Amino acid sequence: MHSLLLRSVCALSLLAVTACSGADAAGSDGESEDDVRSDVTPEGTVLIAFDGTGNYLGEASETIVARTFKQVVTTGKYLLKTSHAESARSAGAQTRASWAYLSYTRSDDQDQVRSLYFNGPPEGPTDTRFSDSGSSFVMSAALGAGIESPVCKVVRQPTAKKVFLVGYSRGAVLAHAAAFRILAGACGYGMGAKVTWVGLVDPVETGMKEGSDVFTEDCDANAAAYHVYGQARTQGCLSLLRSSTTGAPVPVSVFMKNAEANALAETFLLNTIPVNGARHRVFDFSPVNAVQTHISMGKSGIVFDVFKKEALNLGGLRFAAQ
């Protein structure tokens with residue numbers, strides 16, 4: 001039913017833990033690890049990134065998502081910051097943090113946006129029962145204006161040929177929701193065909209409304225093997241992402257905690273939500289901690305290395321040499 005689980009023991013000196021990574025290649029039969037897409041060029045690449053709760057561009061220890069925004073190879077070189085705080089505040093958000101509800105773009109010489117990044121939701125502790133911590137306001141800033149929203153404007157650019165969406169924690173669910181909406185035609189007919197790869201680092205409960213902000217369904221046989229059911233309102237799996245124009249599933253990679261960590265994390269609504277049709281990469285952290293393991297997932301160099309390889313091999317997304 002599942003491909004052989006490959007494991008390698010790796011030292012994480014910064015986190016003082018040990019990680020073992022494994023992969024289930026569901027939906028990728030016949031796919032070579034070296035089968036890098038040759039049709040993805042920096043000129044046609046667009047990245048859309050959503051960070052996790054309390055994470056933002058410029059913090060001392062940035063997440064995998066922020067590092068991806070900085071390292072992905074596109075033609076964007078001019079950084080522009082935009083605040084969505086006023087509209088969020090008018091909708092009831094708290095905006096005390098200076099970085100709350102900010103997004104960043106990198107544009108090229110022709111003013112075409114090549115990458116878009118949203119700071120993570122800023123509000124509330126991670127264990128607030130069913131609170132979205134501002135996730136709904138981030139989603140509204142990203143796609144609330146429909147075809148005129150920042151996400152749709154980026155996707156609709158004629159120069160945008162391949163669109164990649166990535167996210168961490170609650171931001172991973174936002175990235176999935178954005179991809180689902182684009183594929184369903186929210187940004188216009190045919191725009192979903194541009195969605196090339198979706199990378200989700202430990203997606204967890206957002207507290208947002210299912211069916212409109214979060215897209216879930218019953219877990220398929222593969223995703224169910226990775227599910228730890230707990231107190232999270234989202235009892236199913238994040239939906240299969242499929243193009244409405246081509247009918248083809250979109251490659252999705254999920255980078256997640258193991259079952260032991262998820263069993264502890266569910267008390268804090270931090271257990272990973274699997275994704276139907278996705279390829280799941282499992283990481284073991286020792287010693288296991290309910291909250292710290294989730295934080296470690298988002299900032300681990302070991303996870304980032306696997307993330308970059310997966311993005312390259314499944315989607316063709318390229319990173320600058322460091």
# chains A, B, ... in the order shown; residues from 1 in each chain; ligands from 1

call {"tool": "residues_around", "arguments": {"residues": "segment 101-107 of chain A", "least_positions_apart": "6", "cutoff": "8 Å", "atoms": "only C-alpha atoms", "output": "PyMOL selection string"}}
result
chain A and resi 75-85+88+95+113-122+137-138+141

call {"tool": "write_last_selection", "arguments": {"atoms": "N, CA, C and O atoms", "output": "mmCIF file, in the first residue's frame"}}
result
data_model
loop_
_atom_site.group_PDB
_atom_site.id
_atom_site.type_symbol
_atom_site.label_atom_id
_atom_site.label_comp_id
_atom_site.auth_asym_id
_atom_site.auth_seq_id
_atom_site.Cartn_x
_atom_site.Cartn_y
_atom_site.Cartn_z
ATOM 1 N N THR A 75 13.316 36.334 -11.236
ATOM 2 C CA THR A 75 13.938 37.580 -11.698
ATOM 3 C C THR A 75 13.585 38.754 -10.792
ATOM 4 O O THR A 75 13.955 39.887 -11.083
ATOM 5 N N GLY A 76 12.875 38.484 -9.684
ATOM 6 C CA GLY A 76 12.505 39.567 -8.775
ATOM 7 C C GLY A 76 13.674 40.026 -7.926
ATOM 8 O O GLY A 76 14.385 39.223 -7.339
ATOM 9 N N LYS A 77 13.888 41.346 -7.865
ATOM 10 C CA LYS A 77 15.000 41.873 -7.072
ATOM 11 C C LYS A 77 14.646 43.126 -6.278
ATOM 12 O O LYS A 77 15.423 43.567 -5.443
ATOM 13 N N TYR A 78 13.466 43.702 -6.537
ATOM 14 C CA TYR A 78 13.072 44.921 -5.829
ATOM 15 C C TYR A 78 12.032 44.570 -4.771
ATOM 16 O O TYR A 78 10.934 44.109 -5.082
ATOM 17 N N LEU A 79 12.365 44.789 -3.486
ATOM 18 C CA LEU A 79 11.495 44.400 -2.385
ATOM 19 C C LEU A 79 10.558 45.548 -2.001
ATOM 20 O O LEU A 79 10.992 46.682 -1.801
ATOM 21 N N LEU A 80 9.270 45.247 -1.905
ATOM 22 C CA LEU A 80 8.269 46.234 -1.533
ATOM 23 C C LEU A 80 7.414 45.673 -0.412
ATOM 24 O O LEU A 80 6.926 44.543 -0.482
ATOM 25 N N LYS A 81 7.203 46.455 0.645
ATOM 26 C CA LYS A 81 6.371 46.063 1.782
ATOM 27 C C LYS A 81 5.003 46.721 1.679
ATOM 28 O O LYS A 81 4.904 47.904 1.369
ATOM 29 N N THR A 82 3.955 45.957 1.963
ATOM 30 C CA THR A 82 2.585 46.467 1.942
ATOM 31 C C THR A 82 1.899 46.120 3.261
ATOM 32 O O THR A 82 2.025 44.995 3.745
ATOM 33 N N SER A 83 1.176 47.076 3.842
ATOM 34 C CA SER A 83 0.446 46.824 5.072
ATOM 35 C C SER A 83 -1.043 46.617 4.780
ATOM 36 O O SER A 83 -1.648 47.384 4.025
ATOM 37 N N HIS A 84 -1.594 45.568 5.376
ATOM 38 C CA HIS A 84 -3.032 45.297 5.298
ATOM 39 C C HIS A 84 -3.682 45.518 6.657
ATOM 40 O O HIS A 84 -4.815 45.091 6.891
ATOM 41 N N ALA A 85 -2.953 46.191 7.546
ATOM 42 C CA ALA A 85 -3.392 46.340 8.935
ATOM 43 C C ALA A 85 -4.691 47.134 9.054
ATOM 44 O O ALA A 85 -5.555 46.823 9.875
ATOM 45 N N ALA A 88 -7.595 45.001 8.103
ATOM 46 C CA ALA A 88 -7.739 43.949 9.115
ATOM 47 C C ALA A 88 -8.347 44.514 10.388
ATOM 48 O O ALA A 88 -9.232 43.906 11.000
ATOM 49 N N THR A 95 -4.023 44.639 15.906
ATOM 50 C CA THR A 95 -2.855 44.945 15.063
ATOM 51 C C THR A 95 -1.740 45.598 15.870
ATOM 52 O O THR A 95 -1.040 46.492 15.389
ATOM 53 N N VAL A 113 5.572 41.119 -10.501
ATOM 54 C CA VAL A 113 5.839 40.514 -9.199
ATOM 55 C C VAL A 113 6.274 39.063 -9.402
ATOM 56 O O VAL A 113 5.578 38.277 -10.043
ATOM 57 N N ARG A 114 7.421 38.718 -8.858
ATOM 58 C CA ARG A 114 7.957 37.374 -9.010
ATOM 59 C C ARG A 114 7.775 36.529 -7.754
ATOM 60 O O ARG A 114 7.829 35.303 -7.820
ATOM 61 N N SER A 115 7.592 37.160 -6.609
ATOM 62 C CA SER A 115 7.331 36.408 -5.384
ATOM 63 C C SER A 115 6.546 37.273 -4.407
ATOM 64 O O SER A 115 6.697 38.492 -4.381
ATOM 65 N N LEU A 116 5.692 36.606 -3.628
ATOM 66 C CA LEU A 116 4.773 37.274 -2.702
ATOM 67 C C LEU A 116 4.795 36.518 -1.377
ATOM 68 O O LEU A 116 4.670 35.292 -1.361
ATOM 69 N N TYR A 117 4.991 37.244 -0.287
ATOM 70 C CA TYR A 117 5.103 36.622 1.036
ATOM 71 C C TYR A 117 4.188 37.335 2.034
ATOM 72 O O TYR A 117 4.163 38.572 2.086
ATOM 73 N N PHE A 118 3.447 36.567 2.828
ATOM 74 C CA PHE A 118 2.588 37.115 3.870
ATOM 75 C C PHE A 118 3.142 36.730 5.237
ATOM 76 O O PHE A 118 3.380 35.542 5.515
ATOM 77 N N ASN A 119 3.360 37.737 6.112
ATOM 78 C CA ASN A 119 3.701 37.444 7.499
ATOM 79 C C ASN A 119 2.632 36.549 8.105
ATOM 80 O O ASN A 119 1.460 36.589 7.710
ATOM 81 N N GLY A 120 3.036 35.751 9.097
ATOM 82 C CA GLY A 120 2.090 34.838 9.717
ATOM 83 C C GLY A 120 1.046 35.545 10.555
ATOM 84 O O GLY A 120 1.179 36.718 10.911
ATOM 85 N N PRO A 121 -0.041 34.836 10.893
ATOM 86 C CA PRO A 121 -1.065 35.405 11.774
ATOM 87 C C PRO A 121 -0.434 35.830 13.101
ATOM 88 O O PRO A 121 0.359 35.084 13.673
ATOM 89 N N PRO A 122 -0.781 37.018 13.623
ATOM 90 C CA PRO A 122 -0.084 37.536 14.802
ATOM 91 C C PRO A 122 -0.784 37.340 16.133
ATOM 92 O O PRO A 122 -0.188 37.589 17.184
ATOM 93 N N PHE A 137 -7.930 36.957 8.673
ATOM 94 C CA PHE A 137 -7.590 38.296 8.183
ATOM 95 C C PHE A 137 -6.446 38.236 7.164
ATOM 96 O O PHE A 137 -6.404 39.016 6.214
ATOM 97 N N VAL A 138 -5.512 37.295 7.365
ATOM 98 C CA VAL A 138 -4.450 37.100 6.377
ATOM 99 C C VAL A 138 -5.047 36.590 5.067
ATOM 100 O O VAL A 138 -4.700 37.064 3.974
ATOM 101 N N ALA A 141 -6.730 39.394 3.280
ATOM 102 C CA ALA A 141 -5.762 40.272 2.621
ATOM 103 C C ALA A 141 -5.242 39.648 1.339
ATOM 104 O O ALA A 141 -5.007 40.336 0.341
#

call {"tool": "closest_residue", "arguments": {"among": "A:Met208, A:Ile182, A:Ala66, A:Ala193", "to": "Ile147 of chain A", "atoms": "only C-alpha atoms"}}
result
A:Ile182

call {"tool": "select_by_dssp", "arguments": {"residues": "segment 79-293 of chain A", "states": "strand (DSSP E or B)", "output": "ChimeraX atom specification"}}
result
/A:79-83,102-107,113-118,162-168,195-201,210,214,216-217,237-238,242,249,252-257,275,279-286

call {"tool": "residues_around", "arguments": {"residues": "Glu43 of chain A", "least_positions_apart": "3", "cutoff": "12 Å", "atoms": "only C-alpha atoms", "output": "ChimeraX atom specification"}}
result
/A:39-40,46-47,72-76,107-110,112-115,157-163,317-318

call {"tool": "residues_around", "arguments": {"residues": "Ser243 of chain A", "least_positions_apart": "2", "cutoff": "6 Å", "atoms": "only C-alpha atoms", "output": "list in words"}}
result
Leu183, Gly192, Thr245, Thr246, Gly247 and Ala248 of chain A

call {"tool": "closest_residue", "arguments": {"among": "A:Ala225, A:Leu270, A:Ala175, A:Val250", "to": "Gly315 of chain A", "atoms": "only C-alpha atoms"}}
result
A:Val250

call {"tool": "closest_residue", "arguments": {"among": "A:Gly298, A:Gly44, A:Gly144, A:Pro274", "to": "Asp213 of chain A", "atoms": "only C-alpha atoms"}}
result
A:Gly144

call {"tool": "atom_distance", "arguments": {"atom1": "atom CA of Thr293 of chain A", "atom2": "atom CA of Glu266 of chain A"}}
result
12.1 Å

call {"tool": "closest_residue", "arguments": {"among": "A:His294, A:Thr196, A:Leu241, A:Ser169", "to": "Gly316 of chain A", "atoms": "only C-alpha atoms"}}
result
A:Thr196

call {"tool": "select_by_dssp", "arguments": {"residues": "segment 77-171 of chain A", "states": "alpha helix (DSSP H)", "output": "ChimeraX atom specification"}}
result
/A:85-90,135-143,150-156,170-171

call {"tool": "write_last_selection", "arguments": {"atoms": "C-alpha atoms", "output": "PDB file, in the first residue's frame"}}
result
ATOM      1  CA  ALA A  85      -3.392  46.340   8.935  1.00  0.00           C
ATOM      2  CA  GLU A  86      -6.032  49.027   8.371  1.00  0.00           C
ATOM      3  CA  SER A  87      -8.464  46.720   6.592  1.00  0.00           C
ATOM      4  CA  ALA A  88      -7.739  43.949   9.115  1.00  0.00           C
ATOM      5  CA  ARG A  89      -8.396  46.340  12.001  1.00  0.00           C
ATOM      6  CA  SER A  90     -11.668  47.487  10.465  1.00  0.00           C
ATOM      7  CA  SER A 135      -5.602  33.555   9.910  1.00  0.00           C
ATOM      8  CA  SER A 136      -8.902  34.727   8.443  1.00  0.00           C
ATOM      9  CA  PHE A 137      -7.590  38.296   8.183  1.00  0.00           C
ATOM     10  CA  VAL A 138      -4.450  37.100   6.377  1.00  0.00           C
ATOM     11  CA  MET A 139      -6.603  35.111   3.961  1.00  0.00           C
ATOM     12  CA  SER A 140      -8.818  38.139   3.403  1.00  0.00           C
ATOM     13  CA  ALA A 141      -5.762  40.272   2.621  1.00  0.00           C
ATOM     14  CA  ALA A 142      -4.512  37.635   0.193  1.00  0.00           C
ATOM     15  CA  LEU A 143      -7.705  36.756  -1.691  1.00  0.00           C
ATOM     16  CA  PRO A 150      -2.747  40.438  -4.398  1.00  0.00           C
ATOM     17  CA  VAL A 151      -2.659  36.687  -5.058  1.00  0.00           C
ATOM     18  CA  CYS A 152      -4.825  36.883  -8.169  1.00  0.00           C
ATOM     19  CA  LYS A 153      -2.916  39.855  -9.551  1.00  0.00           C
ATOM     20  CA  VAL A 154       0.317  37.872  -9.257  1.00  0.00           C
ATOM     21  CA  VAL A 155      -1.144  34.729 -10.810  1.00  0.00           C
ATOM     22  CA  ARG A 156      -2.801  36.628 -13.676  1.00  0.00           C
ATOM     23  CA  ARG A 170      -1.495  27.779   9.923  1.00  0.00           C
ATOM     24  CA  GLY A 171       0.126  29.399   6.905  1.00  0.00           C
TER      25      GLY A 171
END

call {"tool": "closest_residue", "arguments": {"among": "A:Trp99, A:Tyr226, A:Trp197, A:Tyr168", "to": "Val303 of chain A", "atoms": "only C-alpha atoms"}}
result
A:Tyr168

call {"tool": "atom_distance", "arguments": {"atom1": "atom CA of Leu312 of chain A", "atom2": "atom CA of Val254 of chain A"}}
result
14.4 Å

call {"tool": "closest_residue", "arguments": {"among": "A:Leu269, A:Val288, A:Ala93, A:Val275", "to": "Lys257 of chain A", "atoms": "only C-alpha atoms"}}
result
A:Val288
